[in-house]
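Text of the file input-v3.cif, holding mmCIF, C-alpha atoms:
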```
data_start
#
loop_
_atom_site.label_atom_id
_atom_site.label_comp_id
_atom_site.auth_asym_id
_atom_site.auth_seq_id
_atom_site.Cartn_x
_atom_site.Cartn_y
_atom_site.Cartn_z
CA MET A 1436 95.11 110.11 98.75
CA PRO A 1437 92.67 108.29 96.45
CA ILE A 1438 94.04 104.99 95.07
CA ILE A 1439 93.45 106.22 91.50
CA ASP A 1440 96.18 108.86 92.05
CA LEU A 1441 98.75 106.03 92.16
CA ALA A 1442 97.86 105.29 88.54
CA ASN A 1443 99.62 108.47 87.46
CA PRO A 1444 103.14 107.37 86.33
CA THR A 1445 104.89 110.51 87.67
CA ARG A 1446 103.20 110.22 91.07
CA PHE A 1447 103.91 106.48 91.07
CA LEU A 1448 107.62 107.17 90.42
CA ASN A 1449 107.74 109.61 93.35
CA ILE A 1450 106.18 107.02 95.66
CA VAL A 1451 108.49 104.23 94.42
CA ASN A 1452 111.58 106.42 94.93
CA ARG A 1453 110.52 106.98 98.55
CA VAL A 1454 109.42 103.40 99.32
CA LEU A 1455 112.11 101.37 97.52
CA PRO A 1456 115.05 101.88 99.97
CA TRP A 1457 112.84 100.83 102.92
CA LEU A 1458 111.50 97.83 101.03
CA ALA A 1459 115.03 96.73 100.05
CA ALA A 1460 116.24 97.12 103.65
CA ALA A 1461 113.27 95.09 104.97
CA THR A 1462 114.02 92.37 102.38
CA VAL A 1463 117.67 92.09 103.49
CA LEU A 1464 116.70 91.99 107.18
CA VAL A 1465 114.03 89.30 106.70
CA PHE A 1466 116.39 87.19 104.57
CA ALA A 1467 119.16 87.52 107.17
CA PHE A 1468 116.73 86.46 109.92
CA GLY A 1469 115.43 83.60 107.76
CA LEU A 1470 118.93 82.29 106.95
CA ALA A 1471 119.85 82.42 110.67
CA ARG A 1472 116.71 80.38 111.45
CA ILE A 1473 117.58 77.87 108.69
CA MET A 1474 121.06 77.34 110.20
CA GLY A 1475 119.44 76.47 113.53
CA ALA A 1476 116.58 74.41 112.11
CA PRO A 1477 116.68 70.63 112.66
CA ASP A 1478 117.04 68.09 109.86
CA ASP A 1479 113.99 66.14 108.72
CA TYR A 1480 113.71 62.64 110.21
CA GLN A 1481 113.38 61.11 106.72
CA GLN A 1482 115.09 63.53 104.34
CA GLY A 1483 117.96 64.64 106.58
CA ALA A 1484 119.62 67.95 105.72
CA THR A 1485 118.14 68.04 102.18
CA VAL A 1486 115.05 69.59 103.77
CA LYS A 1487 117.07 72.84 103.70
CA ILE A 1488 116.34 73.00 99.94
CA MET A 1489 112.65 73.37 100.85
CA TYR A 1490 113.32 76.89 102.26
CA LEU A 1491 114.15 78.03 98.71
CA HIS A 1492 111.99 75.71 96.63
CA VAL A 1493 108.61 76.30 98.31
CA PRO A 1494 108.76 80.15 98.48
CA ALA A 1495 110.00 80.24 94.86
CA ALA A 1496 107.03 78.07 93.82
CA TRP A 1497 104.55 80.30 95.69
CA LEU A 1498 106.07 83.45 94.19
CA SER A 1499 106.06 82.03 90.66
CA MET A 1500 102.29 81.55 90.95
CA MET A 1501 101.68 84.84 92.76
CA CYS A 1502 103.63 86.68 90.08
CA TRP A 1503 101.39 85.17 87.40
CA GLY A 1504 98.42 86.35 89.49
CA VAL A 1505 99.85 89.90 89.41
CA MET A 1506 100.28 89.59 85.63
CA THR A 1507 96.67 88.38 85.28
CA VAL A 1508 95.29 91.41 87.16
CA ALA A 1509 97.61 93.67 85.14
CA ALA A 1510 96.38 92.01 81.92
CA LEU A 1511 92.79 92.89 82.86
CA GLY A 1512 93.89 96.50 83.42
CA THR A 1513 95.63 96.53 80.04
CA LEU A 1514 92.82 94.94 78.02
CA VAL A 1515 89.73 96.34 79.80
CA TRP A 1516 90.82 99.82 80.98
CA ARG A 1517 93.86 100.17 78.68
CA HIS A 1518 95.77 101.77 81.51
CA PRO A 1519 99.49 102.20 80.73
CA LEU A 1520 100.55 101.51 84.33
CA SER A 1521 98.84 98.10 84.18
CA ASP A 1522 100.88 97.28 81.12
CA VAL A 1523 104.03 98.50 82.89
CA ALA A 1524 103.20 96.26 85.89
CA GLY A 1525 102.65 93.19 83.68
CA LYS A 1526 105.81 93.71 81.67
CA ALA A 1527 107.93 94.32 84.80
CA ALA A 1528 106.59 91.19 86.54
CA ALA A 1529 107.31 88.77 83.68
CA PRO A 1530 111.11 88.39 84.02
CA ILE A 1531 110.85 88.20 87.83
CA GLY A 1532 108.25 85.43 87.60
CA THR A 1533 110.42 83.61 85.06
CA ALA A 1534 113.38 83.74 87.47
CA PHE A 1535 111.32 82.42 90.42
CA THR A 1536 109.88 79.60 88.29
CA PHE A 1537 113.38 78.68 87.11
CA ILE A 1538 114.62 78.60 90.73
CA CYS A 1539 111.61 76.42 91.68
CA LEU A 1540 112.32 73.93 88.87
CA ILE A 1541 116.08 73.70 89.48
CA THR A 1542 115.90 73.47 93.29
CA GLY A 1543 113.05 70.94 92.98
CA SER A 1544 115.18 68.85 90.67
CA LEU A 1545 118.16 69.05 93.05
CA TRP A 1546 115.88 68.08 95.94
CA GLY A 1547 114.28 65.25 93.95
CA ARG A 1548 117.51 63.39 93.17
CA PRO A 1549 118.44 62.50 96.79
CA THR A 1550 114.83 62.04 97.98
CA TRP A 1551 113.10 60.38 94.98
CA GLY A 1552 116.17 59.02 93.21
CA THR A 1553 115.52 61.09 90.06
CA TYR A 1554 116.01 64.68 88.90
CA TRP A 1555 112.83 64.73 86.85
CA VAL A 1556 109.63 62.81 86.30
CA TRP A 1557 106.75 63.75 83.99
CA ASP A 1558 104.11 63.89 86.72
CA ALA A 1559 101.28 66.43 86.96
CA ARG A 1560 102.91 68.90 89.39
CA LEU A 1561 106.32 69.02 87.72
CA THR A 1562 104.88 69.14 84.21
CA SER A 1563 102.37 71.91 85.04
CA MET A 1564 105.21 73.90 86.62
CA LEU A 1565 107.30 73.44 83.46
CA VAL A 1566 104.28 74.63 81.44
CA LEU A 1567 104.21 77.76 83.65
CA PHE A 1568 107.89 78.37 82.87
CA LEU A 1569 107.22 78.00 79.12
CA LEU A 1570 104.25 80.39 79.41
CA TYR A 1571 106.53 82.94 81.09
CA LEU A 1572 109.02 82.59 78.20
CA GLY A 1573 106.13 83.11 75.77
CA VAL A 1574 105.05 86.31 77.54
CA LEU A 1575 108.65 87.58 77.55
CA ALA A 1576 108.98 86.82 73.84
CA LEU A 1577 105.79 88.80 73.09
CA TYR A 1578 106.93 91.78 75.18
CA TRP A 1579 110.50 91.85 73.93
CA THR A 1580 110.21 90.96 70.26
CA ALA A 1581 107.03 92.77 69.08
CA GLU A 1582 107.86 95.59 66.68
CA ASP A 1583 104.84 97.59 67.90
CA PRO A 1584 105.02 97.69 71.76
CA GLY A 1585 101.24 98.22 72.05
CA ARG A 1586 100.40 95.10 70.04
CA GLY A 1587 103.03 93.09 71.92
CA SER A 1588 101.56 94.19 75.25
CA ARG A 1589 98.00 93.27 74.26
CA ALA A 1590 99.13 89.85 72.98
CA ALA A 1591 101.11 89.25 76.21
CA ALA A 1592 98.06 90.29 78.27
CA VAL A 1593 95.87 87.78 76.39
CA LEU A 1594 98.46 85.04 77.02
CA ALA A 1595 98.60 86.02 80.74
CA LEU A 1596 94.81 85.65 81.00
CA VAL A 1597 94.78 82.31 79.15
CA GLY A 1598 97.76 81.05 81.17
CA ALA A 1599 95.96 81.81 84.45
CA ILE A 1600 94.07 78.54 83.87
CA ASN A 1601 97.34 76.77 84.68
CA ILE A 1602 97.55 78.18 88.24
CA PRO A 1603 94.71 76.09 89.77
CA ILE A 1604 95.99 73.11 87.76
CA ILE A 1605 99.39 73.47 89.50
CA LYS A 1606 97.74 73.92 92.90
CA PHE A 1607 95.40 70.92 92.68
CA SER A 1608 97.62 68.65 90.55
CA VAL A 1609 98.85 66.80 93.65
CA GLU A 1610 95.26 66.12 94.78
CA TYR A 1611 93.57 65.11 91.53
CA TRP A 1612 96.37 63.05 89.99
CA ASN A 1613 98.63 60.35 91.32
CA THR A 1614 101.98 62.16 91.46
CA LEU A 1615 105.46 61.57 92.83
CA HIS A 1616 105.34 65.08 94.30
CA GLN A 1617 104.04 65.17 97.85
CA PRO A 1618 100.56 66.63 98.52
CA ALA A 1619 100.10 70.04 100.16
CA SER A 1620 101.46 69.97 103.71
CA LEU A 1621 100.90 73.61 104.73
CA PHE A 1622 97.58 74.87 103.33
CA ARG A 1623 95.41 71.80 103.86
CA LYS A 1624 92.39 70.63 105.81
CA GLY A 1625 93.37 69.98 109.44
CA GLY A 1626 96.18 72.56 109.43
CA SER A 1627 99.88 72.36 108.66
CA ALA A 1628 101.64 68.98 108.83
CA ILE A 1629 105.05 70.63 109.30
CA ASP A 1630 106.75 70.86 112.69
CA PRO A 1631 107.02 74.47 113.97
CA ALA A 1632 110.84 74.19 114.11
CA ILE A 1633 110.84 73.77 110.31
CA LEU A 1634 107.66 75.76 109.57
CA THR A 1635 108.89 79.03 111.15
CA PRO A 1636 112.01 79.42 108.95
CA LEU A 1637 109.91 78.44 105.93
CA LEU A 1638 107.37 81.20 106.62
CA VAL A 1639 110.15 83.75 107.29
CA MET A 1640 111.80 82.84 103.96
CA ALA A 1641 108.42 83.08 102.22
CA GLY A 1642 108.09 86.59 103.70
CA GLY A 1643 111.61 87.43 102.46
CA PHE A 1644 110.85 86.17 98.95
CA THR A 1645 107.58 88.17 98.89
CA LEU A 1646 109.38 91.36 99.94
CA LEU A 1647 112.06 90.63 97.32
CA PHE A 1648 109.36 90.29 94.68
CA PHE A 1649 107.80 93.67 95.53
CA THR A 1650 111.22 95.35 95.71
CA LEU A 1651 112.24 94.02 92.29
CA HIS A 1652 108.81 94.61 90.80
CA PHE A 1653 108.68 98.27 91.85
CA ALA A 1654 112.27 98.80 90.63
CA ALA A 1655 111.51 97.12 87.29
CA MET A 1656 108.30 99.19 86.93
CA ARG A 1657 110.34 102.35 87.49
CA ASN A 1658 112.76 101.23 84.75
CA GLU A 1659 109.89 100.53 82.37
CA ILE A 1660 108.32 103.99 82.95
CA LEU A 1661 111.72 105.61 82.25
CA ARG A 1662 112.15 103.43 79.11
CA ARG A 1663 108.77 104.66 77.80
CA ARG A 1664 109.79 108.25 78.46
CA VAL A 1665 113.00 107.66 76.50
CA ARG A 1666 110.99 106.18 73.64
CA SER A 1667 108.51 109.08 73.50
CA MET A 1668 111.35 111.64 73.70
CA ARG A 1669 113.19 109.92 70.84
CA LEU A 1670 110.00 110.01 68.76
CA ILE A 1671 109.64 113.75 69.48
CA GLN A 1672 113.30 114.26 68.54
CA ALA A 1673 112.83 112.36 65.27
CA GLN A 1674 109.68 114.37 64.44
CA GLU A 1675 111.51 117.65 65.09
CA LEU A 1676 114.41 116.58 62.89
CA HIS A 1677 112.06 115.75 60.00
CA ALA A 1678 109.94 118.89 60.44
CA MET B 41 126.67 72.81 110.33
CA ASN B 42 126.70 69.26 108.98
CA LEU B 43 124.89 68.97 105.63
CA GLY B 44 125.19 65.19 105.49
CA PRO B 45 125.84 62.95 102.48
CA HIS B 46 123.83 65.14 100.08
CA ALA B 47 125.69 68.41 100.80
CA ASP B 48 126.46 68.89 97.08
CA PHE B 49 122.76 69.08 96.21
CA ILE B 50 122.03 71.57 99.02
CA ILE B 51 124.98 73.80 98.13
CA ALA B 52 124.09 73.66 94.41
CA ALA B 53 120.46 74.68 95.16
CA TYR B 54 121.57 77.70 97.23
CA ALA B 55 124.26 78.64 94.67
CA VAL B 56 121.78 78.58 91.76
CA THR B 57 119.27 80.68 93.74
CA VAL B 58 121.90 83.27 94.71
CA PHE B 59 123.17 83.42 91.10
CA VAL B 60 119.69 83.84 89.55
CA ILE B 61 118.50 86.46 92.07
CA GLY B 62 121.88 88.25 91.94
CA SER B 63 121.71 88.38 88.13
CA LEU B 64 118.14 89.73 88.29
CA ILE B 65 119.13 92.46 90.77
CA ALA B 66 122.20 93.40 88.68
CA TRP B 67 120.14 93.51 85.46
CA ILE B 68 117.48 95.78 87.02
CA ALA B 69 120.13 98.07 88.59
CA LEU B 70 122.12 98.36 85.33
CA ASP B 71 118.92 98.97 83.34
CA TYR B 72 117.98 101.79 85.76
CA SER B 73 121.32 103.56 85.39
CA ALA B 74 121.19 103.11 81.58
CA GLN B 75 117.69 104.63 81.32
CA ARG B 76 118.67 107.53 83.59
CA ARG B 77 121.77 108.20 81.49
CA ILE B 78 119.82 108.15 78.18
CA LEU B 79 117.12 110.45 79.64
CA GLY B 80 119.84 112.84 80.85
CA ASP B 81 121.47 112.88 77.38
CA LEU B 82 118.13 113.61 75.68
CA GLU B 83 117.34 116.43 78.12
CA GLU B 84 120.80 117.90 77.50
CA GLN B 85 119.99 117.91 73.79
CA GLY B 86 116.90 119.99 74.59
CA VAL B 87 114.30 117.28 73.99
CA THR B 88 111.28 117.78 76.28
CA ARG B 89 108.43 115.40 76.95
CA ARG B 90 105.11 116.36 75.38
CA SER B 91 103.30 116.37 78.75
CA LEU B 92 105.82 118.83 80.25
CA ARG B 93 105.70 120.99 77.14
CA THR B 94 101.90 121.20 77.33
CA SER B 95 101.93 122.21 81.00
CA LYS B 96 104.54 124.91 80.31
CA ASP B 97 102.52 126.27 77.39
CA LYS B 98 99.40 126.62 79.51
CA PRO B 99 98.67 130.24 80.55
#
```
Output the structure of this file as structure tokens.
Amino acid sequence: MPIIDLANPTRFLNIVNRVLPWLAAATVLVFAFGLARIMGAPDDYQQGATVKIMYLHVPAAWLSMMCWGVMTVAALGTLVWRHPLSDVAGKAAAPIGTAFTFICLITGSLWGRPTWGTYWVWDARLTSMLVLFLLYLGVLALYWTAEDPGRGSRAAAVLALVGAINIPIIKFSVEYWNTLHQPASLFRKGGSAIDPAILTPLLVMAGGFTLLFFTLHFAAMRNEILRRRVRSMRLIQAQELHA
Amino acid sequence: MNLGPHADFIIAAYAVTVFVIGSLIAWIALDYSAQRRILGDLEEQGVTRRSLRTSKDKP
């Protein structure tokens, strides 16, 4: 089947209805496996058991940035090709990305207090992550409050494209600025600095979070397609009443 | 499993994550059933989507 066929909302709904139960089951299984690995994982020699917060914080941070990446691609589809499914994908991703960014900020704060001695500091990594959260809120506000959905979607797509500048800033903030946040310890020159006993559960949890994102994103896209059908049917109903 | 002297922080982090993800799942599931119900009501009232109407009208 050509990839362009997936861009048909009805065909997309059929595929989502078939795929979603399997995706949800895979998410549950990977999370169960990941949590079992976390229970058996050793404590960090410096941080002790608080390293267990990392298994939530790091995947949530990755997903918050990946979700903005999805919104950026969707924004291109909305603004350049004006494809409705791109707009649906962008709108469905926004609340999920907001939730992951919120989890990243809160768990980071709860991890920071015992390890750094403070819940918050205005350093480059934490501040750029807070900016990402505020950008997500801005996108949500544009999607949810615009009187004309089309104008709201285009404005949100423009903000998604502009906000994409923040993603490399978040990524490289720990290298270019002197921050309290530790530098990258997984994706760095010379390979990972994390012991395999801690790295394995982290990667399993990252896989679980990624599957969760796709499960929720497909489900939210399905809702959005149905919402647009409701809207168009109500417009038809109103036109018939006034005819 | 011993969570050490900072158990409160670890438990709070996991509780917040479960609450946020649980709320997100519940919101998406409730939204799905609401949209399905509204679509069903509209179809019962005889409202048909324009795309379906066009395909039916085709010879």
**Study point:** Picked residues, the PyMOL selection byres ((chain B) within 9 of (chain A)), as a PyMOL selection string
**Key:** chain B and resi 41-47+49-54+56-57+60-61+64-65+68-69+71-73+75-76+78-79+82-83+87-90
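Our summary of the geometry notes that CA of Ala1576 (chain A) is positioned 27.7 Å from CA of Thr1445 (chain A).
One finds CA of Gly62 (chain B) at 28.6 Å from CA of Asp81 (chain B).
Relative to CA of Ala1641 (chain A), CA of Trp1497 (chain A) is found at 8.1 Å.
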Exercise for review: I would like the residues chosen by the PyMOL selection byres ((chain A and resi 1580-1593) around 9) on the shown file; could you give them as a ChimeraX atom specification?
Suggested key: /A:1506-1507,1509-1511,1513-1514,1522,1525-1526,1573-1579,1594-1598
Convert the output of the PyMOL selection byres ((chain A and resi 1607-1614) around 12) on the shown file into explicit residues, formatted as a compact mmCIF listing (two decimals) with C-alpha atoms, in the coordinates of the input.
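Generated output (out_14.txt):
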```txt
# COMPACT_ATOMS: atom_id res chain seq x y z
CA TRP A 1551 113.10 60.38 94.98
CA VAL A 1556 109.63 62.81 86.30
CA TRP A 1557 106.75 63.75 83.99
CA ASP A 1558 104.11 63.89 86.72
CA ALA A 1559 101.28 66.43 86.96
CA ARG A 1560 102.91 68.90 89.39
CA LEU A 1561 106.32 69.02 87.72
CA THR A 1562 104.88 69.14 84.21
CA SER A 1563 102.37 71.91 85.04
CA MET A 1564 105.21 73.90 86.62
CA ILE A 1600 94.07 78.54 83.87
CA ASN A 1601 97.34 76.77 84.68
CA ILE A 1602 97.55 78.18 88.24
CA PRO A 1603 94.71 76.09 89.77
CA ILE A 1604 95.99 73.11 87.76
CA ILE A 1605 99.39 73.47 89.50
CA LYS A 1606 97.74 73.92 92.90
CA LEU A 1615 105.46 61.57 92.83
CA HIS A 1616 105.34 65.08 94.30
CA GLN A 1617 104.04 65.17 97.85
CA PRO A 1618 100.56 66.63 98.52
CA ALA A 1619 100.10 70.04 100.16
CA SER A 1620 101.46 69.97 103.71
CA PHE A 1622 97.58 74.87 103.33
CA ARG A 1623 95.41 71.80 103.86
```
Please give the centre and size of the box around region 51-57 of chain B (axis-aligned, containing every atom listed in the file, 5 Å added per side), with values in Å to one decimal and written as AutoDock Vina command-line options.
```
--center_x 122.1 --center_y 77.2 --center_z 94.9 --size_x 15.7 --size_y 17.0 --size_z 16.4
```
